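For reference, start.txt (compact mmCIF, C-alpha atoms):
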```txt
# COMPACT_ATOMS: atom_id res chain seq x y z
CA MET A 1316 0.00 0.00 0.00
CA LEU A 1317 2.79 2.36 0.92
CA HIS A 1318 4.62 1.34 -2.20
CA LEU A 1319 1.60 2.03 -4.38
CA THR A 1320 1.00 5.42 -2.78
CA LEU A 1321 4.61 6.49 -3.12
CA PHE A 1322 4.80 5.22 -6.68
CA LEU A 1323 1.67 7.10 -7.68
CA ILE A 1324 2.82 10.31 -5.99
CA PHE A 1325 6.27 10.25 -7.57
CA GLY A 1326 4.92 9.19 -10.97
CA ALA A 1327 2.28 11.91 -10.95
CA ILE A 1328 4.84 14.56 -9.97
CA CYS A 1329 7.17 13.26 -12.67
CA VAL A 1330 4.63 13.36 -15.50
CA ALA A 1331 3.19 16.68 -14.31
CA GLY A 1332 6.66 18.19 -14.31
CA ALA A 1333 7.28 16.90 -17.83
CA VAL A 1334 3.98 18.36 -19.04
CA ASN A 1335 4.84 21.64 -17.33
CA LEU A 1336 8.21 21.62 -19.12
CA LEU A 1337 6.39 21.52 -22.43
CA VAL A 1338 3.71 24.04 -21.53
CA GLN A 1339 5.88 26.77 -20.04
CA ARG A 1340 7.07 29.40 -22.45
CA HIS A 1341 10.07 30.77 -20.65
CA PRO A 1342 13.07 28.42 -20.65
CA ILE A 1343 13.90 29.05 -17.00
CA ASN A 1344 10.50 27.72 -15.93
CA SER A 1345 11.06 24.65 -18.08
CA ALA A 1346 14.47 24.10 -16.48
CA LEU A 1347 13.02 24.30 -12.98
CA SER A 1348 10.25 21.85 -13.83
CA LEU A 1349 12.91 19.53 -15.26
CA VAL A 1350 14.58 19.64 -11.83
CA VAL A 1351 11.26 18.49 -10.36
CA VAL A 1352 11.15 15.61 -12.87
CA MET A 1353 14.70 14.57 -11.95
CA GLY A 1354 13.94 14.65 -8.23
CA SER A 1355 10.80 12.56 -8.50
CA LEU A 1356 12.61 10.10 -10.75
CA ALA A 1357 15.22 9.73 -8.01
CA GLY A 1358 12.31 8.82 -5.74
CA GLU A 1359 11.20 6.18 -8.22
CA TYR A 1360 14.71 4.75 -8.29
CA LEU A 1361 14.67 4.57 -4.52
CA LEU A 1362 11.37 2.69 -4.69
CA LEU A 1363 13.02 0.21 -7.04
CA GLY A 1364 15.92 -0.13 -4.62
CA ALA A 1365 18.52 1.51 -6.82
CA GLU A 1366 20.05 3.67 -4.13
CA PHE A 1367 23.25 4.52 -5.95
CA VAL A 1368 21.47 5.44 -9.17
CA ALA A 1369 19.11 7.65 -7.18
CA ALA A 1370 22.04 9.45 -5.54
CA ILE A 1371 23.77 9.84 -8.90
CA GLN A 1372 20.53 11.12 -10.39
CA VAL A 1373 20.24 13.84 -7.78
CA ILE A 1374 23.91 14.78 -7.81
CA ILE A 1375 24.64 14.75 -11.54
CA TYR A 1376 21.28 15.37 -13.18
CA ALA A 1377 19.49 17.64 -10.75
CA GLY A 1378 22.75 19.17 -9.61
CA ALA A 1379 25.37 19.49 -12.29
CA ILE A 1380 23.49 19.25 -15.58
CA MET A 1381 20.61 21.47 -14.51
CA VAL A 1382 23.00 24.07 -13.13
CA LEU A 1383 24.66 24.04 -16.55
CA PHE A 1384 21.29 24.52 -18.24
CA VAL A 1385 20.23 27.35 -15.94
CA PHE A 1386 23.63 28.97 -16.36
CA VAL A 1387 23.36 28.89 -20.14
CA ILE A 1388 19.78 30.20 -20.06
CA MET A 1389 20.89 33.10 -17.87
CA LEU A 1390 23.92 33.69 -20.08
CA LEU A 1391 21.99 33.81 -23.32
CA ASN A 1392 19.19 35.85 -21.79
CA ALA A 1393 16.74 34.22 -24.16
CA GLY A 1394 13.28 35.53 -23.61
CA GLU A 1395 9.98 33.84 -24.13
CA GLU A 1396 9.64 32.11 -27.42
CA GLU A 1397 6.81 33.07 -29.66
CA ARG A 1398 4.59 30.22 -30.66
CA ALA A 1399 4.18 29.35 -34.28
CA GLY A 1400 0.73 28.28 -35.32
CA GLY A 1401 0.38 24.54 -35.55
CA SER A 1402 0.09 23.12 -39.01
CA ARG A 1403 -3.03 21.35 -40.16
CA VAL A 1404 -1.11 18.32 -41.42
CA ALA A 1405 0.30 17.78 -37.94
CA LEU A 1406 -3.20 17.90 -36.50
CA LEU A 1407 -4.68 15.59 -39.13
CA LEU A 1408 -1.91 13.01 -39.06
CA GLY A 1409 -0.50 13.44 -35.58
CA VAL A 1410 -3.56 12.94 -33.41
CA PRO A 1411 -4.72 9.66 -35.02
CA GLY A 1412 -1.13 8.48 -35.22
CA MET A 1413 -0.54 9.23 -31.57
CA THR A 1414 -3.78 7.48 -30.60
CA ILE A 1415 -2.87 4.39 -32.61
CA GLY A 1416 0.66 4.42 -31.26
CA SER A 1417 -0.38 4.72 -27.64
CA LEU A 1418 -3.02 2.00 -28.04
CA LEU A 1419 -0.42 -0.27 -29.64
CA MET A 1420 2.05 0.46 -26.88
CA ALA A 1421 -0.54 -0.17 -24.17
CA TRP A 1422 -1.50 -3.44 -25.84
CA VAL A 1423 2.10 -4.61 -26.09
CA LEU A 1424 2.81 -3.65 -22.50
CA LEU A 1425 -0.31 -5.37 -21.23
CA GLU A 1426 0.23 -8.50 -23.30
CA ARG A 1427 3.93 -9.07 -23.08
CA SER A 1428 5.05 -7.93 -19.67
CA GLY A 1429 4.84 -10.06 -16.58
CA THR A 1430 2.45 -9.27 -13.82
CA GLN A 1431 4.84 -10.30 -11.11
CA SER A 1432 4.66 -7.66 -8.44
CA VAL A 1433 7.64 -5.59 -7.46
CA MET A 1434 8.70 -5.48 -3.86
CA MET A 1435 9.65 -2.13 -2.47
CA GLY A 1436 13.39 -1.87 -2.85
CA ALA A 1437 13.36 -5.07 -4.86
CA LEU A 1438 16.96 -5.23 -6.03
CA PRO A 1439 19.24 -3.17 -3.84
CA GLY A 1440 22.01 -1.43 -5.68
CA PRO A 1441 24.36 -0.16 -2.99
CA PRO A 1442 27.56 1.60 -4.03
CA LYS A 1443 29.70 -1.37 -3.00
CA ILE A 1444 28.17 -3.74 -5.55
CA ILE A 1445 27.92 -1.07 -8.21
CA GLY A 1446 31.59 -0.20 -7.76
CA TRP A 1447 32.56 -3.87 -7.83
CA LEU A 1448 30.71 -4.32 -11.10
CA LEU A 1449 32.11 -1.12 -12.58
CA PHE A 1450 35.71 -2.01 -11.82
CA HIS A 1451 35.55 -5.69 -12.71
CA ASP A 1452 32.97 -6.60 -15.31
CA PHE A 1453 32.68 -3.17 -16.89
CA LEU A 1454 36.23 -1.94 -16.54
CA LEU A 1455 36.80 -1.35 -20.25
CA PRO A 1456 33.52 0.56 -20.84
CA PHE A 1457 34.26 2.56 -17.70
CA GLU A 1458 37.66 3.65 -19.01
CA VAL A 1459 36.25 4.37 -22.46
CA THR A 1460 33.62 6.54 -20.77
CA SER A 1461 36.37 8.50 -19.05
CA VAL A 1462 37.94 9.16 -22.45
CA LEU A 1463 34.53 10.22 -23.74
CA VAL A 1464 34.07 12.67 -20.87
CA LEU A 1465 37.57 14.06 -21.48
CA ILE A 1466 36.74 14.62 -25.15
CA ALA A 1467 33.45 16.26 -24.15
CA ILE A 1468 35.28 18.61 -21.78
CA MET A 1469 37.74 19.61 -24.47
CA GLY A 1470 34.95 20.02 -27.00
CA ALA A 1471 32.95 22.22 -24.66
CA VAL A 1472 35.98 24.39 -23.89
CA VAL A 1473 36.86 24.75 -27.57
CA LEU A 1474 33.29 25.48 -28.62
CA ALA A 1475 32.47 27.95 -25.89
CA SER A 1476 35.79 29.81 -25.87
CA HIS A 1477 36.30 33.03 -27.72
CA PRO A 1478 37.70 32.91 -31.23
CA GLU A 1479 41.39 33.66 -31.40
CA PRO A 1480 42.19 37.36 -31.49
CA SER A 1481 44.91 36.75 -34.09
CA GLN A 1482 42.22 35.77 -36.54
CA PRO A 1483 41.21 38.84 -38.53
CA ARG A 1484 37.52 39.43 -38.07
CA LYS A 1485 35.49 40.21 -41.10
CA LYS A 1486 33.61 43.44 -40.96
CA VAL A 1487 29.95 42.96 -41.70
CA ASP A 1488 28.22 46.03 -42.96
CA MET B 349 25.46 -7.29 2.85
CA GLU B 350 26.75 -10.81 2.63
CA TRP B 351 29.45 -11.23 0.06
CA HIS B 352 28.35 -14.69 -0.99
CA GLY B 353 24.81 -13.66 -1.55
CA PHE B 354 26.05 -10.80 -3.64
CA ARG B 355 28.25 -13.08 -5.74
CA ARG B 356 25.40 -15.49 -6.24
CA ALA B 357 23.16 -12.64 -7.25
CA LEU B 358 25.72 -11.53 -9.80
CA ARG B 359 26.15 -15.03 -11.19
CA ASP B 360 22.51 -15.97 -11.39
CA GLY B 361 21.04 -12.59 -12.03
CA THR B 362 18.58 -13.07 -9.24
CA ASN B 363 18.10 -11.26 -6.00
CA GLU B 364 17.81 -14.30 -3.83
CA GLY B 365 20.84 -13.71 -1.67
CA LEU B 366 20.28 -10.01 -1.22
CA GLN B 367 18.37 -8.49 1.62
CA PRO B 368 16.05 -5.81 0.37
CA TRP B 369 14.59 -3.37 2.77
CA GLY B 370 10.88 -3.44 3.27
CA ARG B 371 10.32 -6.90 1.90
CA SER B 372 7.29 -7.35 4.14
CA SER B 373 5.18 -4.84 2.28
CA ILE B 374 3.47 -6.62 -0.59
CA ALA B 375 2.20 -4.15 -3.13
CA PRO B 376 0.55 -4.72 -6.48
CA ILE B 377 3.16 -2.71 -8.32
CA THR B 378 4.64 -4.48 -11.32
CA THR B 379 7.40 -3.61 -13.72
CA LEU B 380 4.62 -2.59 -16.09
CA HIS B 381 3.81 0.46 -13.97
CA TYR B 382 7.36 1.73 -14.20
CA LEU B 383 7.33 1.07 -17.93
CA VAL B 384 4.17 3.14 -18.30
CA VAL B 385 5.74 6.10 -16.49
CA ALA B 386 8.86 5.75 -18.65
CA ALA B 387 6.78 5.60 -21.82
CA ALA B 388 4.87 8.73 -20.82
CA LEU B 389 8.16 10.55 -20.16
CA PHE B 390 9.54 9.38 -23.50
CA VAL B 391 6.47 10.54 -25.43
CA LEU B 392 6.52 13.92 -23.69
CA GLY B 393 10.20 14.28 -24.53
CA VAL B 394 9.58 13.47 -28.18
CA ILE B 395 6.75 15.99 -28.29
CA GLY B 396 9.08 18.58 -26.81
CA VAL B 397 11.80 17.85 -29.36
CA LEU B 398 9.37 18.07 -32.23
CA THR B 399 7.27 21.05 -31.25
CA ARG B 400 9.38 23.55 -29.33
CA ARG B 401 11.52 26.14 -31.08
CA ASN B 402 13.93 27.06 -28.32
CA VAL B 403 17.12 25.00 -28.55
CA VAL B 404 17.53 24.92 -24.76
CA ILE B 405 14.09 23.38 -24.34
CA VAL B 406 14.85 20.89 -27.12
CA LEU B 407 17.99 19.86 -25.23
CA MET B 408 15.98 19.54 -22.02
CA SER B 409 13.47 17.33 -23.84
CA ILE B 410 16.35 15.12 -24.92
CA GLU B 411 17.32 14.85 -21.26
CA LEU B 412 13.73 13.80 -20.59
CA ILE B 413 14.04 11.02 -23.17
CA LEU B 414 17.29 9.84 -21.61
CA ASN B 415 15.60 9.81 -18.22
CA ALA B 416 12.83 7.61 -19.61
CA VAL B 417 15.48 5.19 -20.86
CA ASN B 418 17.12 5.24 -17.44
CA LEU B 419 13.86 4.42 -15.71
CA ASN B 420 13.35 1.51 -18.10
CA LEU B 421 16.86 0.21 -17.44
CA VAL B 422 16.51 0.40 -13.68
CA ALA B 423 13.04 -1.18 -13.79
CA PHE B 424 14.34 -4.07 -15.88
CA SER B 425 17.39 -4.45 -13.68
CA ARG B 426 14.98 -5.73 -11.09
CA ILE B 427 14.38 -8.78 -13.30
CA TRP B 428 17.72 -9.27 -15.00
CA GLY B 429 20.22 -8.35 -12.34
CA LEU B 430 22.22 -5.28 -11.55
CA HIS B 431 23.64 -4.66 -15.01
CA GLY B 432 20.76 -2.36 -15.89
CA GLN B 433 21.78 0.01 -13.12
CA ILE B 434 25.33 0.06 -14.49
CA PHE B 435 23.94 0.98 -17.88
CA ALA B 436 21.83 3.69 -16.28
CA ILE B 437 25.01 5.16 -14.78
CA PHE B 438 26.67 5.09 -18.19
CA VAL B 439 23.66 6.81 -19.71
CA ILE B 440 23.83 9.52 -17.05
CA THR B 441 27.51 10.07 -17.85
CA ASP B 442 26.77 10.33 -21.54
CA ALA B 443 23.95 12.75 -20.82
CA ALA B 444 26.37 14.97 -18.93
CA ALA B 445 28.82 14.91 -21.83
CA GLU B 446 26.03 15.56 -24.32
CA ALA B 447 24.70 18.50 -22.32
CA ALA B 448 28.16 20.05 -22.06
CA VAL B 449 28.88 19.75 -25.78
CA GLY B 450 25.35 20.74 -26.81
CA LEU B 451 25.36 23.86 -24.69
CA GLY B 452 28.86 24.71 -25.96
CA ILE B 453 27.56 24.49 -29.52
CA LEU B 454 24.61 26.63 -28.49
CA ILE B 455 26.86 29.33 -27.03
CA ALA B 456 29.09 29.31 -30.12
CA PHE B 457 26.04 29.60 -32.31
CA PHE B 458 24.44 32.35 -30.26
CA ARG B 459 27.64 34.34 -30.53
CA ASN B 460 27.31 34.30 -34.31
CA LYS B 461 23.60 34.48 -34.97
CA GLU B 462 22.09 36.00 -31.80
CA THR B 463 19.21 33.55 -31.77
CA VAL B 464 18.24 30.31 -30.04
CA ASN B 465 15.33 29.40 -32.26
CA VAL B 466 15.63 26.14 -34.12
CA ASP B 467 13.87 27.35 -37.21
CA GLU B 468 16.33 30.21 -37.62
CA ILE B 469 19.31 27.86 -37.53
CA ASN B 470 19.68 27.24 -41.24
CA LEU B 471 23.35 27.79 -41.99
CA LEU B 472 23.70 24.35 -43.55
CA LYS B 473 20.58 24.66 -45.63
CA TRP B 474 21.17 24.91 -49.34
```
Do you think you could lay out the structure here as structure tokens?
Amino acid sequence: MLHLTLFLIFGAICVAGAVNLLVQRHPINSALSLVVVMGSLAGEYLLLGAEFVAAIQVIIYAGAIMVLFVFVIMLLNAGEEERAGGSRVALLLGVPGMTIGSLLMAWVLLERSGTQSVMMGALPGPPKIIGWLLFHDFLLPFEVTSVLVLIAIMGAVVLASHPEPSQPRKKVD
Amino acid sequence: MEWHGFRRALRDGTNEGLQPWGRSSIAPITTLHYLVVAAALFVLGVIGVLTRRNVVIVLMSIELILNAVNLNLVAFSRIWGLHGQIFAIFVITDAAAEAAVGLGILIAFFRNKETVNVDEINLLKW
């Protein structure tokens, strides 16, 4: 009962935050509702027993990545976006397509997935086991990921840095 | 946490030897419920990518899609062992790298064109 209540609360907050992200017009409001989505997803991970993933979710997603997003939004000072009118083709094709797609997805999920109930905290994922797996079974992907992050850091620095002053700038008139 | 139970759990992919907290509470929550939440998040993210014009919101919708994938991975890791959680951690790392590079591209672009609207980004259009 507790599990059901917590799951419904976190899931409702999660989906409501996602809808709010789409509805809001100013990017800063969307970013803050994305923080809400990340936090409630961390709650869902805790319900599944994935403690380490929940902690990582809060620290990296809700902490680092969202700070980066908010920082860039503040830096660019982008105002509210103006809405373009929706096209008629999107309305004519999209709504039936979405209905058919969601019905198909619901059917597949109802038919093919087991109905075995999940215990609260079903498969605990404490940092000890996660670290053991990361540094034994997944050592090579882990190191490759470190190279990927290094490349991403260099790419971000190169992309966001100023162009070299030695380069002659073209005058645009 | 008993080491042997943990090793057995790794080998067999089950959670027999592990001691979850709150095992006494039997709730009618299945993996299906988590999949439904993940599917809703994924669809909302796709709608955001397709309909919004602001690049920052498009990037945030991509984060939403990655979060849906993460929820799927963690929900399935309940059945198939802990490897799904490892993959979720890798996905989070990639999302961080993607956000850094994407926002760097956005800053470089904004410096040139003074806009963040997707439909005004047409430098590569013929």
Separation of atom CA of A:Tyr1360 from atom CA of A:Met1381, in Å and rounded to one decimal: 18.8 Å
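The shortest atom-to-atom distance to chain B, with only C-alpha atoms taken into account, belongs to A:Ala1471 out of A:Ala1471, A:Leu1465, A:Met1420, A:Leu1455.
Those residues that approach A:Leu1356 to within 10 Å, counting only C-alpha atoms, are Phe1325, Gly1326, Ile1328, Cys1329, Val1330, Val1350, Leu1362, Ala1369, Gln1372 and Val1373 of chain A; Val385, Ala386, Asn415, Ala416, Asn418 and Leu419 of chain B; same-chain residues fewer than 6 positions away are not listed.
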Determine, using all atoms listed in the file, which residues of chain B have any atom at most 8 Å from an atom of chain A, and tabulate each with its shortest atom pair and distance in Å to one decimal place, rows ordered by chain and then rising number, as a Markdown table.
```
| residue | atom | partner | partner_atom | distance |
| --- | --- | --- | --- | --- |
| B:Phe354 | CA | A:Ile1444 | CA | 7.6 |
| B:Asn363 | CA | A:Leu1438 | CA | 6.1 |
| B:Leu366 | CA | A:Pro1439 | CA | 7.4 |
| B:Gln367 | CA | A:Pro1439 | CA | 7.7 |
| B:Pro368 | CA | A:Gly1436 | CA | 5.7 |
| B:Trp369 | CA | A:Gly1436 | CA | 5.9 |
| B:Gly370 | CA | A:Met1435 | CA | 6.0 |
| B:Arg371 | CA | A:Met1434 | CA | 6.1 |
| B:Ser373 | CA | A:Met1435 | CA | 7.1 |
| B:Ile374 | CA | A:Met1434 | CA | 6.3 |
| B:Ala375 | CA | A:Met1316 | CA | 5.6 |
| B:Pro376 | CA | A:Ser1432 | CA | 5.4 |
| B:Ile377 | CA | A:Ser1432 | CA | 5.2 |
| B:Thr378 | CA | A:Ser1432 | CA | 4.3 |
| B:Thr379 | CA | A:Val1433 | CA | 6.6 |
| B:Leu380 | CA | A:Ser1428 | CA | 6.4 |
| B:Leu383 | CA | A:Leu1424 | CA | 8.0 |
| B:Val385 | CA | A:Gly1326 | CA | 6.4 |
| B:Ala388 | CA | A:Val1330 | CA | 7.1 |
| B:Leu389 | CA | A:Val1330 | CA | 6.5 |
| B:Leu392 | CA | A:Ala1333 | CA | 6.6 |
| B:Gly393 | CA | A:Ala1333 | CA | 7.8 |
| B:Gly396 | CA | A:Leu1337 | CA | 5.9 |
| B:Arg400 | CA | A:Leu1337 | CA | 7.8 |
| B:Arg401 | CA | A:Glu1396 | CA | 7.3 |
| B:Asn402 | CA | A:Glu1396 | CA | 6.7 |
| B:Val404 | CA | A:Pro1342 | CA | 7.0 |
| B:Ile405 | CA | A:Pro1342 | CA | 6.3 |
| B:Met408 | CA | A:Ala1346 | CA | 7.3 |
| B:Leu412 | CA | A:Ala1333 | CA | 7.7 |
| B:Asn415 | CA | A:Met1353 | CA | 7.9 |
| B:Leu419 | CA | A:Tyr1360 | CA | 7.5 |
| B:Val422 | CA | A:Tyr1360 | CA | 7.2 |
| B:Ala423 | CA | A:Leu1363 | CA | 6.9 |
| B:Ser425 | CA | A:Leu1438 | CA | 7.7 |
| B:Arg426 | CA | A:Leu1438 | CA | 5.5 |
| B:Gly429 | CA | A:Leu1438 | CA | 7.8 |
| B:Leu430 | CA | A:Gly1440 | CA | 7.0 |
| B:Gln433 | CA | A:Val1368 | CA | 6.7 |
| B:Ile434 | CA | A:Ile1445 | CA | 6.9 |
| B:Ala436 | CA | A:Val1368 | CA | 7.3 |
| B:Ile437 | CA | A:Val1368 | CA | 6.6 |
| B:Phe438 | CA | A:Thr1460 | CA | 7.6 |
| B:Ile440 | CA | A:Tyr1376 | CA | 7.5 |
| B:Thr441 | CA | A:Thr1460 | CA | 7.6 |
| B:Asp442 | CA | A:Val1464 | CA | 7.7 |
| B:Ala444 | CA | A:Ile1380 | CA | 6.2 |
| B:Ala445 | CA | A:Ala1467 | CA | 5.4 |
| B:Glu446 | CA | A:Ala1467 | CA | 7.5 |
| B:Ala447 | CA | A:Ile1380 | CA | 6.9 |
| B:Ala448 | CA | A:Ala1471 | CA | 5.9 |
| B:Val449 | CA | A:Ala1471 | CA | 4.9 |
| B:Leu451 | CA | A:Val1387 | CA | 7.1 |
| B:Gly452 | CA | A:Ala1475 | CA | 4.9 |
| B:Ile453 | CA | A:Leu1474 | CA | 5.9 |
| B:Ile455 | CA | A:Ala1475 | CA | 5.9 |
| B:Ala456 | CA | A:Ala1475 | CA | 5.6 |
| B:Phe458 | CA | A:Leu1391 | CA | 7.5 |
| B:Val464 | CA | A:Ala1393 | CA | 7.2 |
| B:Asn465 | CA | A:Glu1396 | CA | 7.9 |
```
Based on the selection just made, write C-alpha atoms of those residues as a PDB file, in the frame of the given file.
```pdb
ATOM      1  CA  PHE B 354      26.050 -10.800  -3.640  1.00  0.00           C
ATOM      2  CA  ASN B 363      18.100 -11.260  -6.000  1.00  0.00           C
ATOM      3  CA  LEU B 366      20.280 -10.010  -1.220  1.00  0.00           C
ATOM      4  CA  GLN B 367      18.370  -8.490   1.620  1.00  0.00           C
ATOM      5  CA  PRO B 368      16.050  -5.810   0.370  1.00  0.00           C
ATOM      6  CA  TRP B 369      14.590  -3.370   2.770  1.00  0.00           C
ATOM      7  CA  GLY B 370      10.880  -3.440   3.270  1.00  0.00           C
ATOM      8  CA  ARG B 371      10.320  -6.900   1.900  1.00  0.00           C
ATOM      9  CA  SER B 373       5.180  -4.840   2.280  1.00  0.00           C
ATOM     10  CA  ILE B 374       3.470  -6.620  -0.590  1.00  0.00           C
ATOM     11  CA  ALA B 375       2.200  -4.150  -3.130  1.00  0.00           C
ATOM     12  CA  PRO B 376       0.550  -4.720  -6.480  1.00  0.00           C
ATOM     13  CA  ILE B 377       3.160  -2.710  -8.320  1.00  0.00           C
ATOM     14  CA  THR B 378       4.640  -4.480 -11.320  1.00  0.00           C
ATOM     15  CA  THR B 379       7.400  -3.610 -13.720  1.00  0.00           C
ATOM     16  CA  LEU B 380       4.620  -2.590 -16.090  1.00  0.00           C
ATOM     17  CA  LEU B 383       7.330   1.070 -17.930  1.00  0.00           C
ATOM     18  CA  VAL B 385       5.740   6.100 -16.490  1.00  0.00           C
ATOM     19  CA  ALA B 388       4.870   8.730 -20.820  1.00  0.00           C
ATOM     20  CA  LEU B 389       8.160  10.550 -20.160  1.00  0.00           C
ATOM     21  CA  LEU B 392       6.520  13.920 -23.690  1.00  0.00           C
ATOM     22  CA  GLY B 393      10.200  14.280 -24.530  1.00  0.00           C
ATOM     23  CA  GLY B 396       9.080  18.580 -26.810  1.00  0.00           C
ATOM     24  CA  ARG B 400       9.380  23.550 -29.330  1.00  0.00           C
ATOM     25  CA  ARG B 401      11.520  26.140 -31.080  1.00  0.00           C
ATOM     26  CA  ASN B 402      13.930  27.060 -28.320  1.00  0.00           C
ATOM     27  CA  VAL B 404      17.530  24.920 -24.760  1.00  0.00           C
ATOM     28  CA  ILE B 405      14.090  23.380 -24.340  1.00  0.00           C
ATOM     29  CA  MET B 408      15.980  19.540 -22.020  1.00  0.00           C
ATOM     30  CA  LEU B 412      13.730  13.800 -20.590  1.00  0.00           C
ATOM     31  CA  ASN B 415      15.600   9.810 -18.220  1.00  0.00           C
ATOM     32  CA  LEU B 419      13.860   4.420 -15.710  1.00  0.00           C
ATOM     33  CA  VAL B 422      16.510   0.400 -13.680  1.00  0.00           C
ATOM     34  CA  ALA B 423      13.040  -1.180 -13.790  1.00  0.00           C
ATOM     35  CA  SER B 425      17.390  -4.450 -13.680  1.00  0.00           C
ATOM     36  CA  ARG B 426      14.980  -5.730 -11.090  1.00  0.00           C
ATOM     37  CA  GLY B 429      20.220  -8.350 -12.340  1.00  0.00           C
ATOM     38  CA  LEU B 430      22.220  -5.280 -11.550  1.00  0.00           C
ATOM     39  CA  GLN B 433      21.780   0.010 -13.120  1.00  0.00           C
ATOM     40  CA  ILE B 434      25.330   0.060 -14.490  1.00  0.00           C
ATOM     41  CA  ALA B 436      21.830   3.690 -16.280  1.00  0.00           C
ATOM     42  CA  ILE B 437      25.010   5.160 -14.780  1.00  0.00           C
ATOM     43  CA  PHE B 438      26.670   5.090 -18.190  1.00  0.00           C
ATOM     44  CA  ILE B 440      23.830   9.520 -17.050  1.00  0.00           C
ATOM     45  CA  THR B 441      27.510  10.070 -17.850  1.00  0.00           C
ATOM     46  CA  ASP B 442      26.770  10.330 -21.540  1.00  0.00           C
ATOM     47  CA  ALA B 444      26.370  14.970 -18.930  1.00  0.00           C
ATOM     48  CA  ALA B 445      28.820  14.910 -21.830  1.00  0.00           C
ATOM     49  CA  GLU B 446      26.030  15.560 -24.320  1.00  0.00           C
ATOM     50  CA  ALA B 447      24.700  18.500 -22.320  1.00  0.00           C
ATOM     51  CA  ALA B 448      28.160  20.050 -22.060  1.00  0.00           C
ATOM     52  CA  VAL B 449      28.880  19.750 -25.780  1.00  0.00           C
ATOM     53  CA  LEU B 451      25.360  23.860 -24.690  1.00  0.00           C
ATOM     54  CA  GLY B 452      28.860  24.710 -25.960  1.00  0.00           C
ATOM     55  CA  ILE B 453      27.560  24.490 -29.520  1.00  0.00           C
ATOM     56  CA  ILE B 455      26.860  29.330 -27.030  1.00  0.00           C
ATOM     57  CA  ALA B 456      29.090  29.310 -30.120  1.00  0.00           C
ATOM     58  CA  PHE B 458      24.440  32.350 -30.260  1.00  0.00           C
ATOM     59  CA  VAL B 464      18.240  30.310 -30.040  1.00  0.00           C
ATOM     60  CA  ASN B 465      15.330  29.400 -32.260  1.00  0.00           C
TER      61      ASN B 465
END
```
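Proximity of B:Phe435, B:Glu462, B:Gly450, B:Trp428 to B:Val406, computed with only C-alpha atoms, is greatest for B:Gly450.
Take atom CA of A:Leu1408 and atom CA of B:Glu411: the distance between them is 26.3 Å.
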Between atom CA of A:Ala1377 and atom CA of A:Gly1354 - distance in Å to one decimal: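 Computed distance, atom CA of A:Gly1354 to atom CA of A:Ala1377, equals 6.8 Å.
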